[in-house]
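Shown below: target-v2.pdb, with PDB, C-alpha atoms.
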MODEL        1
ATOM      1  CA  MET A   1     117.086  96.437  73.922
ATOM      2  CA  HIS A   2     114.246  94.233  75.164
ATOM      3  CA  GLU A   3     112.925  94.231  71.596
ATOM      4  CA  LEU A   4     115.346  91.364  70.876
ATOM      5  CA  THR A   5     113.627  89.102  73.422
ATOM      6  CA  ILE A   6     110.261  90.259  72.152
ATOM      7  CA  THR A   7     111.164  89.628  68.512
ATOM      8  CA  GLU A   8     112.354  86.111  69.368
ATOM      9  CA  ASN A   9     108.969  85.499  71.002
ATOM     10  CA  ILE A  10     107.164  86.789  67.906
ATOM     11  CA  LEU A  11     109.178  84.456  65.690
ATOM     12  CA  GLU A  12     108.509  81.494  67.982
ATOM     13  CA  ILE A  13     104.735  82.095  67.997
ATOM     14  CA  ALA A  14     104.640  82.629  64.224
ATOM     15  CA  LEU A  15     106.685  79.519  63.410
ATOM     16  CA  ARG A  16     104.742  77.323  65.836
ATOM     17  CA  ASN A  17     101.399  78.317  64.303
ATOM     18  CA  ALA A  18     102.688  78.153  60.727
ATOM     19  CA  THR A  19     104.074  74.640  61.211
ATOM     20  CA  LYS A  20     100.717  73.473  62.567
ATOM     21  CA  SER A  21      99.163  74.630  59.284
ATOM     22  CA  ASN A  22     101.868  73.036  57.096
ATOM     23  CA  ALA A  23     103.008  76.421  55.832
ATOM     24  CA  THR A  24     105.909  76.637  53.389
ATOM     25  CA  GLN A  25     106.278  80.386  53.829
ATOM     26  CA  ILE A  26     105.059  83.119  56.164
ATOM     27  CA  THR A  27     104.452  86.255  54.118
ATOM     28  CA  ASP A  28     102.921  88.670  56.643
ATOM     29  CA  ILE A  29     102.772  89.087  60.400
ATOM     30  CA  HIS A  30     100.180  91.304  62.020
ATOM     31  CA  LEU A  31     101.026  92.720  65.432
ATOM     32  CA  VAL A  32      98.966  94.878  67.740
ATOM     33  CA  ILE A  33     100.946  97.314  69.872
ATOM     34  CA  GLY A  34      99.378  99.565  72.494
ATOM     35  CA  GLN A  35     100.883 102.984  73.109
ATOM     36  CA  LEU A  36     101.721 102.060  76.725
ATOM     37  CA  SER A  37     103.465  98.784  75.915
ATOM     38  CA  ALA A  38     106.900 100.395  75.466
ATOM     39  CA  VAL A  39     107.677  98.535  72.240
ATOM     40  CA  ILE A  40     109.435 100.275  69.368
ATOM     41  CA  GLY A  41     108.293  98.946  65.986
ATOM     42  CA  ASP A  42     111.453 100.001  64.109
ATOM     43  CA  SER A  43     113.566  98.134  66.623
ATOM     44  CA  VAL A  44     111.454  94.968  66.274
ATOM     45  CA  GLN A  45     111.845  95.249  62.481
ATOM     46  CA  PHE A  46     115.619  95.582  62.851
ATOM     47  CA  TYR A  47     115.935  92.380  64.901
ATOM     48  CA  TRP A  48     113.333  90.613  62.773
ATOM     49  CA  ASP A  49     115.394  90.875  59.598
ATOM     50  CA  TYR A  50     118.292  89.304  61.452
ATOM     51  CA  ILE A  51     116.668  86.478  63.422
ATOM     52  CA  SER A  52     114.156  85.324  60.786
ATOM     53  CA  LYS A  53     116.951  84.496  58.327
ATOM     54  CA  ASP A  54     116.896  80.893  57.078
ATOM     55  CA  THR A  55     113.440  80.224  58.500
ATOM     56  CA  ILE A  56     110.140  80.088  56.597
ATOM     57  CA  ALA A  57     109.445  83.524  58.075
ATOM     58  CA  GLU A  58     112.380  85.148  56.309
ATOM     59  CA  GLY A  59     111.211  88.161  54.353
ATOM     60  CA  ALA A  60     107.797  88.292  56.053
ATOM     61  CA  VAL A  61     106.383  91.794  56.224
ATOM     62  CA  LEU A  62     105.662  93.031  59.745
ATOM     63  CA  HIS A  63     102.481  95.069  60.114
ATOM     64  CA  PHE A  64     101.981  97.101  63.265
ATOM     65  CA  ARG A  65      98.479  98.082  64.305
ATOM     66  CA  ARG A  66      98.901 100.727  66.962
ATOM     67  CA  ILE A  67      96.348 101.358  69.666
ATOM     68  CA  VAL A  68      96.226 104.822  71.164
ATOM     69  CA  ALA A  69      96.132 104.905  74.962
ATOM     70  CA  LYS A  70      92.796 105.836  76.444
ATOM     71  CA  PHE A  71      91.984 106.523  80.083
ATOM     72  CA  GLN A  72      88.742 106.942  81.956
ATOM     73  CA  CYS A  73      88.056 108.943  85.077
ATOM     74  CA  MET A  74      86.244 106.886  87.714
ATOM     75  CA  GLU A  75      84.711 110.030  89.216
ATOM     76  CA  CYS A  76      83.067 111.659  86.190
ATOM     77  CA  HIS A  77      83.546 108.897  83.545
ATOM     78  CA  PHE A  78      85.261 111.294  81.149
ATOM     79  CA  GLU A  79      87.506 109.507  78.591
ATOM     80  CA  PHE A  80      90.788 111.081  77.509
ATOM     81  CA  PRO A  81      94.086 110.297  75.756
ATOM     82  CA  LEU A  82      97.633 110.302  77.200
ATOM     83  CA  ARG A  83      98.764 113.869  77.846
ATOM     84  CA  PRO A  84     102.215 115.139  78.761
ATOM     85  CA  ASP A  85     102.944 116.372  82.302
ATOM     86  CA  THR A  86      99.692 115.338  83.918
ATOM     87  CA  LEU A  87      97.805 112.197  84.788
ATOM     88  CA  THR A  88      94.681 113.604  86.423
ATOM     89  CA  CYS A  89      91.279 113.902  84.724
ATOM     90  CA  PRO A  90      91.186 116.956  82.410
ATOM     91  CA  SER A  91      87.489 117.401  83.122
ATOM     92  CA  CYS A  92      87.196 117.157  86.931
ATOM     93  CA  GLN A  93      90.880 116.831  88.025
ATOM     94  CA  GLY A  94      89.973 113.478  89.602
ATOM     95  CA  PHE A  95      92.747 111.064  90.605
ATOM     96  CA  ARG A  96      91.015 107.743  90.143
ATOM     97  CA  ILE A  97      91.924 106.866  86.580
ATOM     98  CA  ILE A  98      91.726 103.515  84.824
ATOM     99  CA  THR A  99      93.370 102.506  81.557
ATOM    100  CA  ILE A 100      90.871 101.312  78.962
ATOM    101  CA  ALA A 101      93.253 100.976  75.998
ATOM    102  CA  GLY A 102      96.972 101.081  75.268
ATOM    103  CA  ASP A 103      98.352  98.037  77.128
ATOM    104  CA  GLU A 104      97.878  95.609  74.236
ATOM    105  CA  PHE A 105     100.764  93.662  72.781
ATOM    106  CA  PHE A 106      99.890  90.539  70.839
ATOM    107  CA  LEU A 107     100.336  88.709  67.577
ATOM    108  CA  GLU A 108      96.985  88.968  65.866
ATOM    109  CA  SER A 109      97.430  86.853  62.739
ATOM    110  CA  ILE A 110      99.845  85.598  60.120
ATOM    111  CA  GLN A 111      99.488  85.191  56.371
ATOM    112  CA  ILE A 112     100.960  81.927  55.090
ATOM    113  CA  GLU A 113     101.503  80.021  51.879
ATOM    114  CA  ASN A 114     101.105  76.266  51.785
ATOM    115  CA  LEU A 115     100.992  73.571  49.162
ATOM    116  CA  ARG A 116      97.432  72.408  49.654
TER     117      ARG A 116
ATOM    118  CA  MET B   1      99.803  76.719  46.366
ATOM    119  CA  THR B   2      97.313  78.492  48.571
ATOM    120  CA  ASN B   3      97.628  81.665  50.522
ATOM    121  CA  ARG B   4      95.647  82.099  53.699
ATOM    122  CA  MET B   5      95.414  83.943  56.935
ATOM    123  CA  ILE B   6      95.647  82.271  60.352
ATOM    124  CA  ARG B   7      94.168  84.080  63.327
ATOM    125  CA  ILE B   8      96.366  83.686  66.410
ATOM    126  CA  LYS B   9      95.790  86.435  68.969
ATOM    127  CA  GLU B  10      98.567  85.295  71.302
ATOM    128  CA  ASN B  11     100.181  87.567  73.878
ATOM    129  CA  ILE B  12     103.846  88.112  73.037
ATOM    130  CA  PHE B  13     104.768  87.729  76.721
ATOM    131  CA  LYS B  14     102.958  84.407  77.062
ATOM    132  CA  SER B  15     106.121  82.294  77.237
ATOM    133  CA  ASN B  16     107.677  84.596  79.861
ATOM    134  CA  ASP B  17     104.441  84.539  81.868
ATOM    135  CA  GLY B  18     104.483  80.741  81.733
ATOM    136  CA  TYR B  19     107.944  80.610  83.288
ATOM    137  CA  ALA B  20     106.855  83.185  85.879
ATOM    138  CA  ALA B  21     103.915  81.009  86.917
ATOM    139  CA  GLU B  22     106.220  77.983  87.339
ATOM    140  CA  ILE B  23     108.619  80.044  89.459
ATOM    141  CA  ARG B  24     105.798  81.178  91.714
ATOM    142  CA  GLN B  25     104.670  77.606  92.198
ATOM    143  CA  GLN B  26     108.218  76.506  93.098
ATOM    144  CA  LEU B  27     108.564  79.365  95.592
ATOM    145  CA  ASP B  28     105.208  78.637  97.196
ATOM    146  CA  GLU B  29     105.935  74.928  97.518
ATOM    147  CA  ASN B  30     109.166  75.771  99.343
ATOM    148  CA  HIS B  31     107.595  78.507 101.490
ATOM    149  CA  VAL B  32     109.866  81.194 100.092
ATOM    150  CA  PHE B  33     108.670  84.815 100.141
ATOM    151  CA  SER B  34     110.061  86.722  97.172
ATOM    152  CA  ILE B  35     110.387  90.285  95.937
ATOM    153  CA  ASN B  36     111.521  91.817  92.637
ATOM    154  CA  ILE B  37     113.241  95.172  93.134
ATOM    155  CA  MET B  38     113.272  97.540  90.161
ATOM    156  CA  ALA B  39     114.656 101.061  89.833
ATOM    157  CA  SER B  40     116.800 103.272  87.658
ATOM    158  CA  PRO B  41     120.594 102.872  88.026
ATOM    159  CA  GLY B  42     121.818 104.527  91.215
ATOM    160  CA  ALA B  43     118.444 104.737  92.990
ATOM    161  CA  GLY B  44     119.689 102.571  95.866
ATOM    162  CA  LYS B  45     118.621  98.990  95.092
ATOM    163  CA  THR B  46     121.837  97.402  96.346
ATOM    164  CA  SER B  47     122.034  99.699  99.391
ATOM    165  CA  LEU B  48     118.485  98.816 100.432
ATOM    166  CA  ILE B  49     119.231  95.130  99.933
ATOM    167  CA  GLU B  50     122.382  95.394 102.091
ATOM    168  CA  HIS B  51     120.432  97.043 104.916
ATOM    169  CA  THR B  52     117.657  94.487 104.606
ATOM    170  CA  ILE B  53     120.074  91.559 104.791
ATOM    171  CA  THR B  54     121.953  93.043 107.736
ATOM    172  CA  ASN B  55     118.745  93.620 109.652
ATOM    173  CA  LEU B  56     116.818  90.456 108.826
ATOM    174  CA  SER B  57     119.416  87.731 108.329
ATOM    175  CA  LYS B  58     119.116  86.615 111.961
ATOM    176  CA  GLN B  59     115.434  85.781 111.565
ATOM    177  CA  HIS B  60     115.500  84.721 107.920
ATOM    178  CA  SER B  61     117.634  82.796 105.495
ATOM    179  CA  ILE B  62     118.062  85.211 102.601
ATOM    180  CA  ALA B  63     119.122  84.619  99.007
ATOM    181  CA  VAL B  64     119.732  87.381  96.479
ATOM    182  CA  ILE B  65     119.730  87.085  92.690
ATOM    183  CA  ASP B  66     121.414  90.084  91.111
ATOM    184  CA  GLY B  67     120.823  91.071  87.513
ATOM    185  CA  ASP B  68     123.410  93.264  85.870
ATOM    186  CA  ILE B  69     124.636  93.815  82.355
ATOM    187  CA  ALA B  70     128.173  93.017  83.571
ATOM    188  CA  THR B  71     130.288  92.494  86.746
ATOM    189  CA  SER B  72     129.429  90.820  90.048
ATOM    190  CA  ILE B  73     129.792  93.974  92.175
ATOM    191  CA  ASP B  74     126.198  93.824  93.451
ATOM    192  CA  ALA B  75     126.234  90.110  94.260
ATOM    193  CA  ASP B  76     129.549  90.602  96.084
ATOM    194  CA  ARG B  77     127.957  93.341  98.209
ATOM    195  CA  ALA B  78     124.939  91.155  99.017
ATOM    196  CA  SER B  79     127.240  88.278  99.869
ATOM    197  CA  ALA B  80     129.391  90.461 102.127
ATOM    198  CA  ALA B  81     126.227  91.550 103.955
ATOM    199  CA  GLY B  82     125.423  87.919 104.747
ATOM    200  CA  ALA B  83     123.159  86.516 102.039
ATOM    201  CA  LYS B  84     123.617  83.701  99.573
ATOM    202  CA  ALA B  85     124.179  85.717  96.431
ATOM    203  CA  PHE B  86     123.854  84.734  92.779
ATOM    204  CA  GLN B  87     124.788  86.922  89.849
ATOM    205  CA  ILE B  88     123.127  86.914  86.446
ATOM    206  CA  ASN B  89     125.007  88.825  83.786
ATOM    207  CA  THR B  90     122.585  89.657  81.005
ATOM    208  CA  ASP B  91     125.332  90.513  78.498
ATOM    209  CA  GLY B  92     123.661  93.668  77.350
ATOM    210  CA  ALA B  93     120.011  92.821  77.939
ATOM    211  CA  CYS B  94     118.193  95.570  79.799
ATOM    212  CA  HIS B  95     116.062  93.412  82.093
ATOM    213  CA  LEU B  96     115.772  90.034  83.776
ATOM    214  CA  ASP B  97     113.198  87.681  82.337
ATOM    215  CA  ALA B  98     111.524  84.703  83.974
ATOM    216  CA  LYS B  99     113.574  82.155  82.016
ATOM    217  CA  MET B 100     116.836  83.596  83.427
ATOM    218  CA  ILE B 101     115.445  83.343  86.978
ATOM    219  CA  SER B 102     114.147  79.845  86.361
ATOM    220  CA  ASP B 103     117.605  78.712  85.184
ATOM    221  CA  LYS B 104     119.248  80.315  88.225
ATOM    222  CA  LEU B 105     116.876  78.708  90.717
ATOM    223  CA  VAL B 106     118.384  75.334  89.792
ATOM    224  CA  GLU B 107     121.623  76.411  91.532
ATOM    225  CA  LEU B 108     119.763  77.643  94.565
ATOM    226  CA  ASP B 109     118.611  75.260  97.283
ATOM    227  CA  LEU B 110     115.159  76.702  97.899
ATOM    228  CA  LYS B 111     114.579  74.437 100.894
ATOM    229  CA  SER B 112     117.285  76.264 102.819
ATOM    230  CA  VAL B 113     115.927  79.748 101.977
ATOM    231  CA  ASP B 114     112.828  81.599 103.156
ATOM    232  CA  PHE B 115     113.353  85.037 101.588
ATOM    233  CA  LEU B 116     114.414  85.596  97.969
ATOM    234  CA  ILE B 117     115.336  89.079  96.808
ATOM    235  CA  ILE B 118     115.738  89.660  93.075
ATOM    236  CA  GLU B 119     117.601  92.819  92.128
ATOM    237  CA  ASN B 120     116.609  93.694  88.568
ATOM    238  CA  VAL B 121     118.770  95.524  86.020
ATOM    239  CA  GLY B 122     118.737  99.296  86.609
ATOM    240  CA  ASN B 123     116.130 100.521  84.119
ATOM    241  CA  LEU B 124     112.651 102.093  84.328
ATOM    242  CA  VAL B 125     111.288 100.730  81.054
ATOM    243  CA  CYS B 126     111.980  97.096  80.208
ATOM    244  CA  PRO B 127     111.717  95.303  83.587
ATOM    245  CA  ALA B 128     108.082  96.454  83.819
ATOM    246  CA  SER B 129     107.118  94.130  80.954
ATOM    247  CA  PHE B 130     108.684  90.931  82.280
ATOM    248  CA  LYS B 131     106.994  89.291  85.260
ATOM    249  CA  LEU B 132     109.349  87.118  87.299
ATOM    250  CA  GLY B 133     106.829  85.254  89.433
ATOM    251  CA  THR B 134     107.737  87.068  92.661
ATOM    252  CA  HIS B 135     105.113  87.735  95.340
ATOM    253  CA  LYS B 136     105.701  91.481  95.348
ATOM    254  CA  ASN B 137     107.045  93.895  92.755
ATOM    255  CA  ILE B 138     108.848  96.832  94.263
ATOM    256  CA  LEU B 139     110.008 100.085  92.726
ATOM    257  CA  ILE B 140     112.583 102.368  94.292
ATOM    258  CA  ALA B 141     112.345 106.008  93.258
ATOM    259  CA  SER B 142     115.011 108.360  94.539
ATOM    260  CA  ILE B 143     114.765 112.081  95.158
ATOM    261  CA  PRO B 144     117.585 113.194  92.798
ATOM    262  CA  GLU B 145     115.869 111.484  89.849
ATOM    263  CA  GLY B 146     113.225 114.214  89.929
ATOM    264  CA  ASP B 147     109.518 114.489  90.670
ATOM    265  CA  ASP B 148     108.399 113.974  87.063
ATOM    266  CA  LYS B 149     109.338 110.292  86.782
ATOM    267  CA  PRO B 150     105.827 108.848  87.306
ATOM    268  CA  TYR B 151     104.679 110.993  84.381
ATOM    269  CA  LYS B 152     107.561 109.934  82.154
ATOM    270  CA  TYR B 153     107.618 106.218  83.035
ATOM    271  CA  PRO B 154     103.972 105.407  83.791
ATOM    272  CA  GLY B 155     104.348 101.721  82.888
ATOM    273  CA  ILE B 156     106.621 100.785  85.767
ATOM    274  CA  TYR B 157     104.818 102.990  88.298
ATOM    275  CA  ARG B 158     101.480 101.392  87.435
ATOM    276  CA  GLY B 159     102.606  97.810  87.861
ATOM    277  CA  VAL B 160     104.177  97.701  91.334
ATOM    278  CA  ASP B 161     102.832  96.736  94.774
ATOM    279  CA  ILE B 162     105.305  98.788  96.797
ATOM    280  CA  LEU B 163     106.946 102.143  96.127
ATOM    281  CA  ILE B 164     110.028 103.058  98.115
ATOM    282  CA  ILE B 165     111.112 106.682  97.969
ATOM    283  CA  ASN B 166     114.825 106.708  98.798
ATOM    284  CA  LYS B 167     117.303 109.497  99.590
ATOM    285  CA  ILE B 168     114.734 111.638 101.421
ATOM    286  CA  ASP B 169     117.702 113.201 103.259
ATOM    287  CA  LEU B 170     118.407 115.079  99.999
ATOM    288  CA  LEU B 171     115.009 116.828  99.915
ATOM    289  CA  PRO B 172     116.410 120.131 101.278
ATOM    290  CA  TYR B 173     119.069 120.233  98.582
ATOM    291  CA  VAL B 174     117.325 119.323  95.323
ATOM    292  CA  PRO B 175     114.169 120.665  93.656
ATOM    293  CA  PHE B 176     111.605 117.926  94.235
ATOM    294  CA  ASN B 177     107.920 118.689  94.626
ATOM    295  CA  MET B 178     106.576 115.766  96.696
ATOM    296  CA  ASP B 179     102.924 116.772  96.072
ATOM    297  CA  TYR B 180     103.429 116.731  92.292
ATOM    298  CA  PHE B 181     105.219 113.363  92.523
ATOM    299  CA  LEU B 182     102.521 111.822  94.746
ATOM    300  CA  THR B 183      99.712 113.185  92.553
ATOM    301  CA  GLY B 184     101.203 111.189  89.687
ATOM    302  CA  ILE B 185     101.417 108.082  91.888
ATOM    303  CA  GLN B 186      97.836 108.540  93.034
ATOM    304  CA  ALA B 187      96.602 108.626  89.443
ATOM    305  CA  LEU B 188      98.701 105.674  88.279
ATOM    306  CA  ASN B 189      98.586 103.363  91.258
ATOM    307  CA  PRO B 190      96.157 104.494  93.964
ATOM    308  CA  GLY B 191      96.542 101.495  96.306
ATOM    309  CA  VAL B 192     100.339 101.301  96.276
ATOM    310  CA  ILE B 193     102.096 101.005  99.650
ATOM    311  CA  ILE B 194     104.691 103.774 100.077
ATOM    312  CA  PHE B 195     107.828 103.879 102.231
ATOM    313  CA  LYS B 196     109.913 107.039 102.513
ATOM    314  CA  ILE B 197     113.462 106.146 103.477
ATOM    315  CA  SER B 198     117.090 107.128 103.401
ATOM    316  CA  CYS B 199     119.657 104.345 103.135
ATOM    317  CA  GLN B 200     122.254 106.944 104.096
ATOM    318  CA  THR B 201     120.744 108.129 107.410
ATOM    319  CA  GLY B 202     118.592 105.056 108.103
ATOM    320  CA  ASP B 203     115.377 107.120 108.215
ATOM    321  CA  GLY B 204     112.260 105.060 107.611
ATOM    322  CA  LEU B 205     114.091 101.762 107.283
ATOM    323  CA  LEU B 206     112.480 100.264 110.400
ATOM    324  CA  ASN B 207     109.037 100.554 108.792
ATOM    325  CA  TRP B 208     110.345  98.718 105.766
ATOM    326  CA  PHE B 209     111.927  95.924 107.851
ATOM    327  CA  ASP B 210     108.670  95.542 109.812
ATOM    328  CA  TRP B 211     106.683  95.291 106.616
ATOM    329  CA  VAL B 212     108.977  92.597 105.225
ATOM    330  CA  ASP B 213     108.896  90.658 108.490
ATOM    331  CA  ASN B 214     105.094  90.861 108.578
ATOM    332  CA  GLN B 215     104.833  89.184 105.182
ATOM    333  CA  PHE B 216     106.174  85.988 106.736
ATOM    334  CA  SER B 217     103.655  85.852 109.557
ATOM    335  CA  LYS B 218     100.887  86.604 107.065
ATOM    336  CA  ASN B 219     101.565  84.170 104.269
ATOM    337  CA  PHE B 220     104.378  81.856 105.096
ATOM    338  CA  VAL B 221     103.879  80.062 108.349
ATOM    339  CA  LEU B 222     106.483  77.352 108.110
TER     340      LEU B 222
ENDMDL
END

How does this structure look as structure tokens?
Amino acid sequence: MHELTITENILEIALRNATKSNATQITDIHLVIGQLSAVIGDSVQFYWDYISKDTIAEGAVLHFRRIVAKFQCMECHFEFPLRPDTLTCPSCQGFRIITIAGDEFFLESIQIENLR
Amino acid sequence: MTNRMIRIKENIFKSNDGYAAEIRQQLDENHVFSINIMASPGAGKTSLIEHTITNLSKQHSIAVIDGDIATSIDADRASAAGAKAFQINTDGACHLDAKMISDKLVELDLKSVDFLIIENVGNLVCPASFKLGTHKNILIASIPEGDDKPYKYPGIYRGVDILIINKIDLLPYVPFNMDYFLTGIQALNPGVIIFKISCQTGDGLLNWFDWVDNQFSKNFVL
């Protein structure tokens, strides 16, 4: 359900930047979503179609670039993806793990049309 | 007509984070210590808040903001325990965001309060993404939820300062492997402060009250 709030934020950022560039239409929106960011693309799309109506972003195509989560063990420096059931290092069973990718959630760019 | 790309690279949560920063500034200016309590439904958020109010309302002036999809049951309980209570009904939304808190703070006289407790909507996913500007983020995990929750909801377990394990009186009756649970915590959030409590029997609550009380002497000399 928090995708509604998120989608409103996406629309606000897109419209603000498009207006600055005198856009008449936003055709594409490029989003980056990390695996750990708990955002469902289909759900964003669902709300998008509804809330972008009657704005210059209506009909814009949403593109999702997904980033796979990656962790690193601070003991042995081994890098590994998200695995079910366990959070320790698969190489040395170490506990001290940092996230190096997967938290991202930002609007990367938009494609616009303008008269100039 | 031209067609071009504009690079933006803006965090989707930027506007929420902006409100959160303003809230923190307001709280600091008024010397209010604040916590955001998150948990799944039924973990014991309201029970812990009731105990906390009952125990600390002599020393501190406490306000509670309760987030719920509907009803004012939780705010009524906090009010009955002796706090100034404010309800936010999110009308279906699964979390509180900083804008909702910011709007509510207008009703609240921060000068007459020194401890603000925010009770978030019962949910282990969405509240983790929305900072509220509080000094500490707290998660309550309860024994009957199961020992696999850190593994299934890593986002919320990673982002908190305090973990409260509630309903420890049920350990003899439900399958819960504390070592497995704590191994997950260790990997996700190695520095987190942990309290093991039971709101039912009162076990461990004194440690929690002491910790809360200590935050005032540390940061908020009035």

Which residues, written as a list in words, have at least one atom at most 12 Å from A:Leu115, with only C-alpha atoms counted and residues fewer than 6 positions away on the same chain left out?
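My list of contacting residues is Ser21, Asn22, Ala23, Thr24 and Gln25 of chain A; Met1, Thr2, Asn3 and Arg4 of chain B.
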
Residues near stretch 12-22 of chain B, cut-off 6 Å, only C-alpha atoms, skip fewer than 3 positions along chain, as a PyMOL selection string
(chain A and resi 106) or (chain B and resi 25+98-99+132-133)

Coordinates-based distance that separates atom CA of B:Val121 from atom CA of B:Met38 (Å, one decimal):
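Atom-to-atom, atom CA of B:Met38 to atom CA of B:Val121, that is 7.2 Å.
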
Report the distance between atom CA of B:Ser129 and atom CA of A:Ala38 in Å, rounded to one decimal place.
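Interatomic distance, atom CA of B:Ser129 to atom CA of A:Ala38: 8.3 Å.
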
Among the residues A:Phe80, A:Phe64, A:Tyr50, A:Phe105, the one that comes closest to chain B [using all atoms listed in the file]:
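Nearest candidate to chain B out of A:Phe80, A:Phe64, A:Tyr50, A:Phe105: A:Phe105.
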
Result set of the PyMOL selection byres ((chain B) within 8 of (chain A)) on the coordinates above, as a PyMOL selection string:
chain B and resi 1-13+15+92-95+125-126+129+148+151-152+155+183-184+186-188+190

Put a box with edges along x, y and z around all the listed atoms of stretch 48-60 of chain A, pad it by 6 Å on each side, then give me its centre and sizes in Å, one decimal, as lines of an AutoDock Vina configuration file.
center_x = 113.0
center_y = 85.5
center_z = 58.9
size_x = 22.5
size_y = 22.8
size_z = 21.1

If you count all atoms listed in the file, which residues fall within 7 Å of stretch 194-209 of chain B, apart from same-chain ones fewer than 6 positions away, as a PyMOL selection string?
chain B and resi 47-48+52+162-169

Output of the PyMOL selection byres ((chain A and resi 59) around 10), listed as a list of chain:residue names
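After applying the PyMOL selection byres ((chain A and resi 59) around 10), what remains is A:Gln25, A:Ile26, A:Thr27, A:Asp28, A:Trp48, A:Asp49, A:Ser52, A:Lys53, A:Asp54, A:Thr55, A:Ile56, A:Ala57, A:Glu58, A:Ala60, A:Val61, A:Leu62.
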
Length of the atom CA of B:Pro150 to atom CA of B:Tyr173 vector [Å]:
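Between atom CA of B:Pro150 and atom CA of B:Tyr173 the gap is 20.8 Å.
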
The PyMOL selection byres ((chain B and resi 53) around 8) - which residues does that actually catch in the file I just gave you? List them as number ranges by chain.
B: 49-52, 54-57, 62, 78, 81-83

Please identify all polymer residues within 7 Å of stretch 110-119 of chain B, counting only C-alpha atoms, omitting same-chain residues fewer than 3 positions from it, and present them as a list in words.
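Within the cut-off, the hits are Asn30, His31, Val32, Phe33, Ser34, Ile35, Asn36, Ile37, Met38, Lys45, His60, Ser61, Ile62, Ala63, Val64, Ile65, Asp66 and Gly67 of chain B.
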
Filtering to C-alpha atoms, could you give me those residues as a CSV table (one decimal), in the frame of the given file?
chain,number,residue,atom,x,y,z
B,30,ASN,CA,109.2,75.8,99.3
B,31,HIS,CA,107.6,78.5,101.5
B,32,VAL,CA,109.9,81.2,100.1
B,33,PHE,CA,108.7,84.8,100.1
B,34,SER,CA,110.1,86.7,97.2
B,35,ILE,CA,110.4,90.3,95.9
B,36,ASN,CA,111.5,91.8,92.6
B,37,ILE,CA,113.2,95.2,93.1
B,38,MET,CA,113.3,97.5,90.2
B,45,LYS,CA,118.6,99.0,95.1
B,60,HIS,CA,115.5,84.7,107.9
B,61,SER,CA,117.6,82.8,105.5
B,62,ILE,CA,118.1,85.2,102.6
B,63,ALA,CA,119.1,84.6,99.0
B,64,VAL,CA,119.7,87.4,96.5
B,65,ILE,CA,119.7,87.1,92.7
B,66,ASP,CA,121.4,90.1,91.1
B,67,GLY,CA,120.8,91.1,87.5

Would you mind telling me which residue in A:Arg65, A:Tyr47, A:Gly34, A:Thr19 lies nearest to A:Ala101 when using all atoms listed in the file?
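Once distances to A:Ala101 are computed over all atoms listed in the file, the minimum belongs to A:Gly34.
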